[in-house]
Amino acid sequence: MKNIIDAAQFVEVLKVLPDTLILTSHINPDGDGIGSMVAMGMALRQIGKAVHYVLKEPVKDYYQQLPGVSEIQYQFPKDCQDFALMTFDCSSMDILSLPNGWKDRVKTIVVLDHHLSNHGFGDYHFVRTDCISSCVLTYEAVLALGVKLTREMATLMYLGLVYDTGRFSYTSDPDAFSVAAELLRAGGDHQAVFNCLYRHNDLKQYRTNSQLISQIEEFYDGRLLVLEIGEQYLNLIDLEETENLINQIADIRDLEIVVVFKYMNQQLTKLCFRSRGTHSVSDIALSFGGGGHRCASGASANMDLASARQKVLEKIHALNL
Ligand SMILES: [Mn+2]
């Protein structure tokens, strides 16, 4: 049965969990997933827990420069048969980044997340959809635990905040800025986070992106922009770079909604949405089994790119942009 918990109850739940915990995040782990997971791991070790970070697929190499990230493993530790699982920034069991066979081994699942589309999986639910980043919840948990907020933890939580707010552009929530201020006061490394997230591009990628930008289509006097990233780009732009690209496009004046369709295979198309806020793109993503937030969302549609495009554009048309 699902129990909804807050930060104080999270501390109580930890007392009944085993001493060994596996921490994980969603597939295509991003700055918020990695930051909230590793920072929490550091906090849990301070109270005597044995913590392993386990993901199914390697994180981007540029995250490796941040503290603790090199400890992430890609298989379950051998001496760890039964364990409690703690998931970060993941809205659904289907998109957990875990090696096969995990369901037989896990005893209890604690979910820390902030997605509107959270499907309510797991046993304990530390979920608040009003938070801009999972790292805000990790920060609250760190305070409730009463452990030392180290520089390393602060840097990792700052990473999640910067990532999920699009460098503080998607939010005007004073609480998000307060948490950022506290993290910097605790020694969070602003430069390290910005170098990691935004200063890792190579010229080849810029050339590919500029080709793609030249192919953007305009509708409704520029209020809707559409970009198709077809099969020929499959290996030239990955999903995280696609997110970076849509963030750049989202800065174009007068637009309401941007949608990017990325070819994955004949039956799978990745959808990325951004909105200025007048219209929610979360509902559209949700209708394709995805989710996210009002101004930024995504989904994986089980159909070819042309069909996905037609269905999405029909839904956007209905919004009367
Ligand atoms: Mn997040």
# chains A, B, ... in the order shown; residues from 1 in each chain; ligands from 1
call {"tool": "select_by_dssp", "arguments": {"residues": "stretch 102-272 of chain A", "states": "strand (DSSP E)", "output": "ChimeraX atom specification"}}
result
/A:106-113,124-127,217-219,224-229,257-265,268-272
call {"tool": "residues_around", "arguments": {"residues": "A:Gly160", "least_positions_apart": "5", "cutoff": "10 Å", "atoms": "only C-alpha atoms", "output": "list in words"}}
result
Asp30, Gly31, Asp32, Gly33, Ile34, Gly35, Ser36, Met37, Asp89, Ile132, Ser133, Ser134, Cys135, Val136, Thr155, Thr165, Gly166, Arg167 and Val193 of chain A
call {"tool": "residues_around", "arguments": {"residues": "A:Cys272", "least_positions_apart": "2", "cutoff": "6 Å", "atoms": "only C-alpha atoms", "output": "list in words"}}
result
Val259, Val260 and Gly298 of chain A
call {"tool": "write_last_selection", "arguments": {"atoms": "N, CA and C atoms", "output": "PDB file, in the first residue's frame"}}
result
ATOM      1  N   VAL A 259       7.403  22.113 -30.334  1.00  0.00           N
ATOM      2  CA  VAL A 259       7.423  20.660 -30.216  1.00  0.00           C
ATOM      3  C   VAL A 259       8.507  20.115 -31.130  1.00  0.00           C
ATOM      4  N   VAL A 260       9.268  19.187 -30.575  1.00  0.00           N
ATOM      5  CA  VAL A 260      10.316  18.512 -31.342  1.00  0.00           C
ATOM      6  C   VAL A 260       9.972  17.031 -31.416  1.00  0.00           C
ATOM      7  N   GLY A 298       7.528  15.778 -21.976  1.00  0.00           N
ATOM      8  CA  GLY A 298       8.004  14.880 -23.021  1.00  0.00           C
ATOM      9  C   GLY A 298       7.299  13.548 -22.962  1.00  0.00           C
TER      10      GLY A 298
END
call {"tool": "residues_around", "arguments": {"residues": "stretch 148-152 of chain A", "least_positions_apart": "4", "cutoff": "10 Å", "atoms": "only C-alpha atoms", "output": "ChimeraX atom specification"}}
result
/A:38-39,42-43,46,66-68,139,142-143,156-158,182-189
call {"tool": "closest_residue", "arguments": {"among": "A:Cys295, A:Leu145, A:Ile27, A:Ala176", "to": "A:Arg45", "atoms": "only C-alpha atoms"}}
result
A:Leu145
call {"tool": "residues_around", "arguments": {"residues": "A:Cys90", "least_positions_apart": "2", "cutoff": "12 Å", "atoms": "only C-alpha atoms", "output": "PyMOL selection string"}}
result
chain A and resi 23-30+32-34+36-37+86-88+92-98+110-122+125-127+133-134+290-292
call {"tool": "closest_residue", "arguments": {"among": "A:Val51, A:Ile4, A:Leu161, A:Leu203", "to": "A:His190", "atoms": "only C-alpha atoms"}}
result
A:Leu161
call {"tool": "select_by_dssp", "arguments": {"residues": "stretch 58-181 of chain A", "states": "alpha helix (DSSP H)", "output": "number ranges by chain"}}
result
A: 134-145, 151-164, 174-181
call {"tool": "write_last_selection", "arguments": {"atoms": "C-alpha atoms", "output": "PDB file, in the first residue's frame"}}
result
ATOM      1  CA  SER A 134      13.552  16.707  -6.971  1.00  0.00           C
ATOM      2  CA  CYS A 135      16.582  18.303  -5.347  1.00  0.00           C
ATOM      3  CA  VAL A 136      14.277  20.597  -3.348  1.00  0.00           C
ATOM      4  CA  LEU A 137      12.874  17.463  -1.716  1.00  0.00           C
ATOM      5  CA  THR A 138      16.340  16.035  -1.162  1.00  0.00           C
ATOM      6  CA  TYR A 139      17.276  19.346   0.458  1.00  0.00           C
ATOM      7  CA  GLU A 140      14.245  19.165   2.780  1.00  0.00           C
ATOM      8  CA  ALA A 141      15.163  15.601   3.669  1.00  0.00           C
ATOM      9  CA  VAL A 142      18.749  16.621   4.449  1.00  0.00           C
ATOM     10  CA  LEU A 143      17.460  19.309   6.825  1.00  0.00           C
ATOM     11  CA  ALA A 144      15.028  16.870   8.453  1.00  0.00           C
ATOM     12  CA  LEU A 145      17.794  14.293   8.893  1.00  0.00           C
ATOM     13  CA  ARG A 151      29.915  21.258  -0.247  1.00  0.00           C
ATOM     14  CA  GLU A 152      29.625  18.141  -2.378  1.00  0.00           C
ATOM     15  CA  MET A 153      25.966  17.618  -1.477  1.00  0.00           C
ATOM     16  CA  ALA A 154      25.237  21.308  -2.067  1.00  0.00           C
ATOM     17  CA  THR A 155      26.868  21.181  -5.518  1.00  0.00           C
ATOM     18  CA  LEU A 156      24.835  18.115  -6.495  1.00  0.00           C
ATOM     19  CA  MET A 157      21.518  19.595  -5.349  1.00  0.00           C
ATOM     20  CA  TYR A 158      22.368  22.866  -7.085  1.00  0.00           C
ATOM     21  CA  LEU A 159      22.968  20.816 -10.238  1.00  0.00           C
ATOM     22  CA  GLY A 160      19.390  19.524 -10.101  1.00  0.00           C
ATOM     23  CA  LEU A 161      17.936  22.960  -9.454  1.00  0.00           C
ATOM     24  CA  VAL A 162      19.848  24.575 -12.304  1.00  0.00           C
ATOM     25  CA  TYR A 163      19.004  21.708 -14.659  1.00  0.00           C
ATOM     26  CA  ASP A 164      15.276  21.551 -13.958  1.00  0.00           C
ATOM     27  CA  PRO A 174      10.977  32.333  -4.385  1.00  0.00           C
ATOM     28  CA  ASP A 175      11.397  28.999  -2.587  1.00  0.00           C
ATOM     29  CA  ALA A 176      13.499  27.659  -5.461  1.00  0.00           C
ATOM     30  CA  PHE A 177      15.775  30.688  -5.248  1.00  0.00           C
ATOM     31  CA  SER A 178      15.952  30.387  -1.448  1.00  0.00           C
ATOM     32  CA  VAL A 179      17.088  26.793  -1.704  1.00  0.00           C
ATOM     33  CA  ALA A 180      19.631  27.807  -4.361  1.00  0.00           C
ATOM     34  CA  ALA A 181      20.945  30.526  -2.033  1.00  0.00           C
TER      35      ALA A 181
END
call {"tool": "atom_distance", "arguments": {"atom1": "atom CA of A:Asn302", "atom2": "atom CA of A:Trp102"}}
result
24.7 Å
call {"tool": "residues_around", "arguments": {"residues": "A:Leu268", "least_positions_apart": "6", "cutoff": "10 Å", "atoms": "only C-alpha atoms", "output": "number ranges by chain"}}
result
A: 262, 300-305, 308
